[in-house]
Amino acid sequence: MTERPHVGVDVDSTERVEPDATGASTNPTARSRPAAPAPAPAPAPAPALSPSAPENAARNSRVIWLILAASFVVILNETIMGVAIPHLVDDLGITLQAAQWLTTAFMLTMAVIIPITGFLLQRFTTRTMFIAAMTLFSTGTLLAALSPGFEMLLLARVVQASGTAIMMPLLMTTIMTLVAAADRGRFMGRVSIVMSVAPALGPTISGLILSYLSWRFMFWLVLPIALVMLVIGIRRVENVNEPRVVPIDVFSVVLSAIGFGGLVYGLSLIGSAAAGGAAGVQLWVAIAVGVLGIAAFIVRQLLLQRSDRALLDLRTFLSRNFAVSVALMAVLMAALFGTLILLPIYLQNVLGLEPLATGLLLLPGGLTMGLLGPLVGRLYDRFGPTPLLVPGSILVSAVMWTLTTVGTETSPWLVLAAHITLSIGLAFMFTPLFTSALGSVEPRFYSHGSAVVGTVQQVAGAAGTALFVTVAAAQAAVESSAGTSLAEAEAAGIRSAFLVGAILSLVAVVGSLLVRKPADMMAGAGPAAH
């Protein structure tokens, strides 16, 4: 925070020596003659941010709502392609494996860029980052709508993902910077709307569009909204941070790209191989390169953070509360993404539902999770994380164990009820975990904490998808070789995958007892004290 300079009379001292009109010193305690009027204070530069100042309240609220709305638009686009893949295979004359790259490339780009956002959010202003994110996203959306073939569409998805990767860390860092600790749960609840409703709406919206229009309209319909958000942002988003000149370590950027990109790519190959695609040595090479790259990246950051030059400062993990919350988030994201990939497969391949019916069946759960976000946030502000996390984790675990019983005769309504209940449990966990994690680090590490959370989400989501699909495919293959029908074999594989998820959910139940509310800690305590 920029301090207001003291000019003229110092109201906090009766002994300060002030210059008179001739420049000679006079003692203000001498009363032999009237003191000359103090010169008017020079106007202080407006502070970059002041969450508690009433005059800044409207600005802060406006900035948060604009970033929330923009984040909703870009996150919606992340899940919009899944339903369109069969259409793209026919229209562009490509293989199914090539079409899957439109999703894989998006995930890879997110995994590479998000770790860098910790540096970017310190180096550049809020307004600059918002404009950059929405410009990239809008450009990618336009390129996708105009794509004559697969190559340009793939490039467009990479450009889109670059903007998306910046937006979520920007949103979380802005909220942590501007919102008082007592109100953070309420605002993080609004983030839950973005993170759950937008992905849930993606498949449903794309299903409706593809029922009547070309796949290009998935981008033509999003483009005007993105451009409007960009224009509003240029006009209305103000700077609410204090950027500082920090050098970027290029070697860290390279290691980050190799490590996180390689790991996510390798995990995606596991899912592809389990689904019948070819992977072989490429899979293990990618995972090995990714693991080694991440290990080298971590060592590099530990060395650089001694002089505050780390690309992604890992001192956030000195907070036990942050470390536990992030670990729980990883488990939940793995379970969530694994469930989201398996339920549509189950509903279509085993129960025989149409894609649009599948999207509509899964929509209420996503909406429920998002709509509960603000309520859960207010409950967090009042009661803390434990009364929310414990029942939420029990609900999640109960649903995962229930899904281990699905078969070829299971009613779709049972799946609907299970998905809604799972969404309620996740809603009671995500907002408290986000708020507790980021609230447990020092303010100077907010941008790094947001980047860590975003990176963990991407890696855990890819790992959950790979794990669930691999287990399901392996068990289905065993059942098929034993002469079981295709539907029965797939149902058996899906039950096995949900069994793995159910076991993971027990970890979440235990971990939910360990998270504490940051506001319960002594003010000013460093991360190590948490």
# chains A, B, ... in the order shown; residues from 1 in each chain; ligands from 1
>>> residues_around(residues="Pro224 in chain A", least_positions_apart="6", cutoff="10 Å", atoms="only C-alpha atoms", output="list in words")
Ser138, Thr141, Leu142 and Leu230 of chain A
>>> write_last_selection(atoms="all heavy atoms", output="PDB file, in the first residue's frame")
ATOM      1  N   SER A 138     -11.176 -14.239 -26.832  1.00  0.00           N
ATOM      2  CA  SER A 138     -11.992 -13.789 -27.968  1.00  0.00           C
ATOM      3  C   SER A 138     -11.324 -14.126 -29.296  1.00  0.00           C
ATOM      4  O   SER A 138     -11.988 -14.559 -30.252  1.00  0.00           O
ATOM      5  CB  SER A 138     -12.235 -12.276 -27.868  1.00  0.00           C
ATOM      6  OG  SER A 138     -12.898 -11.946 -26.668  1.00  0.00           O
ATOM      7  N   THR A 141     -11.713 -17.792 -29.936  1.00  0.00           N
ATOM      8  CA  THR A 141     -13.094 -18.108 -30.303  1.00  0.00           C
ATOM      9  C   THR A 141     -13.369 -17.748 -31.759  1.00  0.00           C
ATOM     10  O   THR A 141     -14.014 -18.512 -32.490  1.00  0.00           O
ATOM     11  CB  THR A 141     -14.065 -17.357 -29.380  1.00  0.00           C
ATOM     12  OG1 THR A 141     -13.780 -17.688 -28.019  1.00  0.00           O
ATOM     13  CG2 THR A 141     -15.502 -17.722 -29.683  1.00  0.00           C
ATOM     14  N   LEU A 142     -12.875 -16.599 -32.201  1.00  0.00           N
ATOM     15  CA  LEU A 142     -13.051 -16.193 -33.600  1.00  0.00           C
ATOM     16  C   LEU A 142     -12.334 -17.151 -34.544  1.00  0.00           C
ATOM     17  O   LEU A 142     -12.887 -17.571 -35.575  1.00  0.00           O
ATOM     18  CB  LEU A 142     -12.531 -14.769 -33.787  1.00  0.00           C
ATOM     19  CG  LEU A 142     -12.579 -14.214 -35.230  1.00  0.00           C
ATOM     20  CD1 LEU A 142     -14.019 -14.166 -35.735  1.00  0.00           C
ATOM     21  CD2 LEU A 142     -11.929 -12.833 -35.285  1.00  0.00           C
ATOM     22  N   LEU A 230     -15.081  -8.030 -23.048  1.00  0.00           N
ATOM     23  CA  LEU A 230     -13.797  -7.367 -23.291  1.00  0.00           C
ATOM     24  C   LEU A 230     -13.973  -5.850 -23.324  1.00  0.00           C
ATOM     25  O   LEU A 230     -13.202  -5.103 -22.692  1.00  0.00           O
ATOM     26  CB  LEU A 230     -13.186  -7.863 -24.599  1.00  0.00           C
ATOM     27  CG  LEU A 230     -11.899  -7.154 -25.068  1.00  0.00           C
ATOM     28  CD1 LEU A 230     -10.802  -7.278 -24.026  1.00  0.00           C
ATOM     29  CD2 LEU A 230     -11.444  -7.726 -26.409  1.00  0.00           C
TER      30      LEU A 230
END
>>> residues_around(residues="Ala165 in chain A", least_positions_apart="4", cutoff="8 Å", atoms="only C-alpha atoms", output="list in words")
Thr109, Met110, Ile113, Ile114, Ala161 and Pro169 of chain A
>>> closest_residue(among="A:Phe260, A:Phe468, A:Trp220, A:Trp413", to="Leu362 in chain A", atoms="only C-alpha atoms")
A:Trp413
>>> atom_distance(atom1="CA of Gly370 in chain A", atom2="CA of Ser196 in chain A")
5.3 Å
>>> closest_residue(among="A:Val237, A:Val158, A:Thr135, A:Met176", to="Ile67 in chain A", atoms="only C-alpha atoms")
A:Val237
>>> atom_distance(atom1="CA of Thr408 in chain A", atom2="CA of Gly464 in chain A")
24.0 Å
>>> decode(residues="range 222-315 of chain A", atoms="C-alpha atoms", output="CSV table (one decimal), in the first residue's frame")
chain,number,residue,atom,x,y,z
A,222,VAL,CA,-20.0,-17.3,-27.5
A,223,LEU,CA,-18.0,-14.7,-29.5
A,224,PRO,CA,-20.4,-11.7,-29.1
A,225,ILE,CA,-20.6,-12.3,-25.3
A,226,ALA,CA,-16.8,-12.5,-25.0
A,227,LEU,CA,-16.4,-9.3,-27.0
A,228,VAL,CA,-18.9,-7.5,-24.9
A,229,MET,CA,-17.1,-8.6,-21.8
A,230,LEU,CA,-13.8,-7.4,-23.3
A,231,VAL,CA,-15.2,-3.9,-24.1
A,232,ILE,CA,-16.8,-3.5,-20.7
A,233,GLY,CA,-13.5,-4.6,-19.1
A,234,ILE,CA,-11.5,-2.0,-21.1
A,235,ARG,CA,-14.0,0.7,-20.0
A,236,ARG,CA,-14.7,-0.4,-16.4
A,237,VAL,CA,-12.0,-2.6,-14.9
A,238,GLU,CA,-9.7,-0.6,-12.7
A,239,ASN,CA,-6.3,-1.6,-11.2
A,240,VAL,CA,-6.8,-3.0,-7.8
A,241,ASN,CA,-3.2,-4.4,-7.3
A,242,GLU,CA,0.2,-2.9,-6.9
A,243,PRO,CA,2.4,-4.5,-9.6
A,244,ARG,CA,6.1,-4.7,-9.0
A,245,VAL,CA,9.0,-5.3,-11.3
A,246,VAL,CA,10.1,-8.9,-10.7
A,247,PRO,CA,12.5,-10.7,-13.1
A,248,ILE,CA,11.2,-13.8,-14.8
A,249,ASP,CA,13.3,-17.0,-14.7
A,250,VAL,CA,13.1,-18.4,-18.2
A,251,PHE,CA,14.5,-21.8,-17.1
A,252,SER,CA,11.6,-22.1,-14.6
A,253,VAL,CA,9.1,-21.5,-17.4
A,254,VAL,CA,10.7,-24.2,-19.5
A,255,LEU,CA,10.7,-26.7,-16.6
A,256,SER,CA,7.1,-25.8,-15.8
A,257,ALA,CA,6.0,-26.5,-19.4
A,258,ILE,CA,8.0,-29.7,-19.6
A,259,GLY,CA,6.9,-30.9,-16.1
A,260,PHE,CA,3.2,-30.1,-15.9
A,261,GLY,CA,2.6,-30.4,-19.7
A,262,GLY,CA,4.3,-33.8,-19.8
A,263,LEU,CA,2.5,-35.2,-16.8
A,264,VAL,CA,-1.0,-34.1,-18.0
A,265,TYR,CA,-0.2,-35.4,-21.5
A,266,GLY,CA,0.9,-38.7,-20.1
A,267,LEU,CA,-2.2,-39.0,-18.0
A,268,SER,CA,-4.4,-38.2,-21.0
A,269,LEU,CA,-2.6,-41.0,-22.9
A,270,ILE,CA,-3.5,-43.4,-20.1
A,271,GLY,CA,-7.2,-42.6,-20.6
A,272,SER,CA,-6.8,-42.9,-24.4
A,273,ALA,CA,-5.1,-46.3,-24.1
A,274,ALA,CA,-7.6,-47.6,-21.7
A,275,ALA,CA,-10.4,-46.6,-24.1
A,276,GLY,CA,-8.8,-48.6,-26.9
A,277,GLY,CA,-6.3,-46.1,-28.3
A,278,ALA,CA,-2.6,-46.8,-28.9
A,279,ALA,CA,-0.1,-45.3,-26.5
A,280,GLY,CA,2.7,-47.7,-25.7
A,281,VAL,CA,6.2,-46.3,-24.8
A,282,GLN,CA,5.0,-42.8,-25.5
A,283,LEU,CA,2.8,-42.9,-22.5
A,284,TRP,CA,5.5,-43.9,-20.0
A,285,VAL,CA,8.1,-41.5,-21.6
A,286,ALA,CA,5.6,-38.6,-21.2
A,287,ILE,CA,4.9,-39.4,-17.6
A,288,ALA,CA,8.6,-39.9,-16.8
A,289,VAL,CA,9.5,-36.6,-18.4
A,290,GLY,CA,6.7,-34.9,-16.6
A,291,VAL,CA,7.7,-36.2,-13.2
A,292,LEU,CA,11.3,-35.4,-13.7
A,293,GLY,CA,10.4,-31.9,-15.0
A,294,ILE,CA,8.2,-31.2,-12.0
A,295,ALA,CA,10.9,-32.4,-9.6
A,296,ALA,CA,13.5,-30.1,-11.3
A,297,PHE,CA,10.9,-27.2,-11.2
A,298,ILE,CA,10.4,-27.7,-7.5
A,299,VAL,CA,14.1,-27.6,-6.7
A,300,ARG,CA,14.5,-24.5,-8.9
A,301,GLN,CA,11.7,-22.7,-7.1
A,302,LEU,CA,13.1,-23.6,-3.7
A,303,LEU,CA,16.4,-22.0,-4.7
A,304,LEU,CA,14.9,-18.9,-6.3
A,305,GLN,CA,12.4,-18.2,-3.5
A,306,ARG,CA,15.3,-17.4,-1.1
A,307,SER,CA,15.7,-14.1,-3.0
A,308,ASP,CA,12.0,-13.7,-3.8
A,309,ARG,CA,12.5,-14.6,-7.5
A,310,ALA,CA,10.5,-17.8,-7.7
A,311,LEU,CA,8.1,-18.2,-10.7
A,312,LEU,CA,5.8,-20.2,-8.4
A,313,ASP,CA,6.6,-19.5,-4.7
A,314,LEU,CA,6.3,-22.8,-2.8
A,315,ARG,CA,6.4,-21.1,0.7
